[in-house]
Amino acid sequence: MRCICGGLAELQTFCGILNLPPPVQKSSHNKTNKTIYQAASAEQTESMARAAAIEHELADGEGEVKDVDVSVDGTYMTRGHTSNIGVTSAIGCQTGKVLDIGSLSKTCKGCDYGKSLKSRDPGSYRHWLEEHEAVCTLTHGGSSGSMEAEIAKGIFSRSLQQYNLRYTRFIGDGDTNSFKSVMNSYPYGQETVIEKIECVGHVQKRMGTRLRNLKKGMKGRALADGKSIGGKGRLTDAEINKIQNYYGNAIRGNKHNLYEMKKAVWAIFYHKLSSDELDDMGRKRHFHAMCSITWCTFKQAEADNTVDTYRHKNNLPQAVMEVVKPVFADLAKKELLEKCLEGYTQNANESFNNLIWKYSPKTKNNGLTVVNTAAAIAVCVFNDGANTLGNILVKLGMSVGAFTERFLQDKDTLRILTSQRRAHTTTKEYRRRKRLQRLGREEELAEIEGFPYLAGGH
C-alpha cells in the first residue's frame, strides 16, 4: 500500500471492495509501518553507500579523501514554510544519485498524548516519558523554514566519516540560508572553503520573475511611445516565457566561458530590440552583432545574401526594451554568471522530491515514520531503479516471485524509455511550443474578457 500511496484507510477500502476480510487494526498497522521502515532504511543506507563509492571513484584527485560537488535541496510535507515535516537531500553531481538524506519534524502525536496524561496522572506520565524519549518524533524546535539548513549541516558534517568525501561545492536554488548555515559550521575546518554554485534552472526563472514583476509594476503606466508595456506585440506572458528560455539557453550553451555567456545574454536583448524601423540617421535598427548564426535568422539571411528582403518578426518595441534593459543588466552581471559556469541544475533534486511525495502524498497528514519510509523507498528507486523494491521485500523476510520480478523489470524499462523520449530535442520543443501557445491563448482570452476573475476584486 505504501508503494501505491496508500495507508490503513486505503487498505480497508481495498479489502472491502474485493470482499476480503478487514485488515489489521491501527496498532498492528503502526508496528508494521515501523518494520517496513527498518527494511527500507537498511536498503537506503546500502544504496547511498554504493552511490558514494562511485562518486568517490569519479572524483578528481588522489588520496583517500576526495572533494566533490553536491546539489542540496529541501522539500516539505505541506506547501509553504509552515510544514511540520521537512526532508533535505544531497545528490552527487557526477553520479546524479542521492548520497545522503535527512528529515526533521516539529510535531509528535505521542507528546500530545503525554500532555493530557501529565495532567491526569503525573506518576504514569513519568514512566511513559522514559519509554517515549527513545521514539519521540519531535526533532526540531525552530521554524519550518530553518529545517533545510539544519539538515544540510548534518549532511555535510558526516560526509567525511561516512564516505571519505568533502562536499566543497554547494549547488543551491538561490536560498542562501542553507549555504550560510553550512559554511558557518565549518564542517571540514576553517581552512576548507565551501563554494556556492547556482542552479541554472533557478537562475533562468529569475528572468521570468523579474519581467513579470516589471510588467505588473508598470500596469496602467504609459511608456515613452505612449502605450502600455503589455498587449499584443509587446511584453506578453508568452513573450516573457520565450525570453526566459532564451536566457537559460544562453547560459547552458556557453558553459565554462564567461565572456561568451555574457555576450549571449546581451545578444537576446539586442536581437529583440532590432527592427526594420529607421533611426535618426536613417539607418535600419539592426543590432545583431552579438547573435549566433545557429539561431539568429538575420545572421542566416546575411549568409544567404537575402538581407534586403529580410523582415524582423517577434521583436519588441524600443520603448519596451528600454524599461527591460535594467533587468538584463542585473542578470548578466559577472558575479552571477560565474556561479553558473558549470551548468549545474537541481533537476535531479526536483525529480527526487516528487518521488518522495508520490509514496507519501502531501494531501495526507502522515507522521515522520511514514515520511521517512517514503523517503527511503524513493532513494532506493531513484538510485537503483524499481528492482530494488525486491531487495526490501527480501529484508522483510518475503520471497520475490516471478510475476513480481517481471513487474519490476517492466517498470524500470518503461521509466527509461519514457525518460529518453521526454529528453529528446523534438519532444522538448513540442512541449515548449504547446506551453507558449497555451499561454498566448489564455492571455488573448483574458484581454477579451477583461480579466473576469480577480481574487478579492469588486
# chains A, B, ... in the order shown; residues from 1 in each chain; ligands from 1

$ closest_atom_pairs --of "stretch 58-144 of chain A" --to "stretch 380-390 of chain A" --cutoff "9 Å" --atoms "only C-alpha atoms" --output "CSV"
residue,atom,partner,partner_atom,distance
A:Gly96,CA,A:Asn383,CA,8.2
A:Lys97,CA,A:Asn383,CA,5.3
A:Val98,CA,A:Asn383,CA,6.6

$ residues_around --residues "A:Ala250" --least-positions-apart "6" --cutoff "9 Å" --atoms "only C-alpha atoms" --output "ChimeraX atom specification"
/A:260-265,267-268

$ select_by_dssp --residues "stretch 100-132 of chain A" --states "strand (DSSP E)" --output "ChimeraX atom specification"
/A:100-105

$ residues_around --residues "A:Glu150" --least-positions-apart "3" --cutoff "8 Å" --atoms "only C-alpha atoms" --output "PyMOL selection string"
chain A and resi 146-147+153-154+178+181

$ closest_residue --among "A:Ser157, A:Leu138, A:Pro122, A:Cys15" --to "A:Thr369" --atoms "only C-alpha atoms"
A:Leu138

$ closest_atom_pairs --of "stretch 344-434 of chain A" --to "stretch 200-213 of chain A" --cutoff "10 Å" --atoms "only C-alpha atoms" --output "Markdown table"
| residue | atom | partner | partner_atom | distance |
| --- | --- | --- | --- | --- |
| A:Tyr344 | CA | A:Val200 | CA | 6.0 |
| A:Thr345 | CA | A:Val200 | CA | 5.3 |
| A:Gln346 | CA | A:Gly201 | CA | 7.2 |
| A:Asn347 | CA | A:Gly201 | CA | 7.8 |

$ residues_around --residues "A:Asp67" --least-positions-apart "5" --cutoff "7 Å" --atoms "only C-alpha atoms" --output "JSON, numbers by chain"
{"A": [59, 165, 166, 167, 168]}

$ closest_atom_pairs --of "stretch 13-114 of chain A" --to "stretch 160-163 of chain A" --cutoff "10 Å" --atoms "only C-alpha atoms" --output "tab-separated table"
residue	atom	partner	partner_atom	distance
A:Met48	CA	A:Tyr163	CA	9.7
A:Ala49	CA	A:Tyr163	CA	7.3
A:Arg50	CA	A:Tyr163	CA	9.8
A:Ala51	CA	A:Tyr163	CA	9.9
A:Ala52	CA	A:Tyr163	CA	6.3
A:Ala53	CA	A:Tyr163	CA	7.2
A:Glu55	CA	A:Tyr163	CA	9.5
A:His56	CA	A:Tyr163	CA	7.9
A:Glu64	CA	A:Tyr163	CA	9.7
A:Val65	CA	A:Leu160	CA	7.6
A:Lys66	CA	A:Leu160	CA	9.1
A:Asp67	CA	A:Leu160	CA	10.0
A:Leu99	CA	A:Tyr163	CA	9.1
A:Asp100	CA	A:Gln162	CA	9.6

$ residues_around --residues "A:Arg126" --least-positions-apart "5" --cutoff "10 Å" --atoms "only C-alpha atoms" --output "list in words"
Gly114, Leu117, Lys118, Asp121, Glu131 and His132 of chain A

$ select_by_dssp --residues "stretch 92-134 of chain A" --states "alpha helix (DSSP H)" --output "ChimeraX atom specification"
/A:109-120,122-132

$ atom_distance --atom1 "atom CA of A:Glu429" --atom2 "atom CA of A:Val72"
28.7 Å
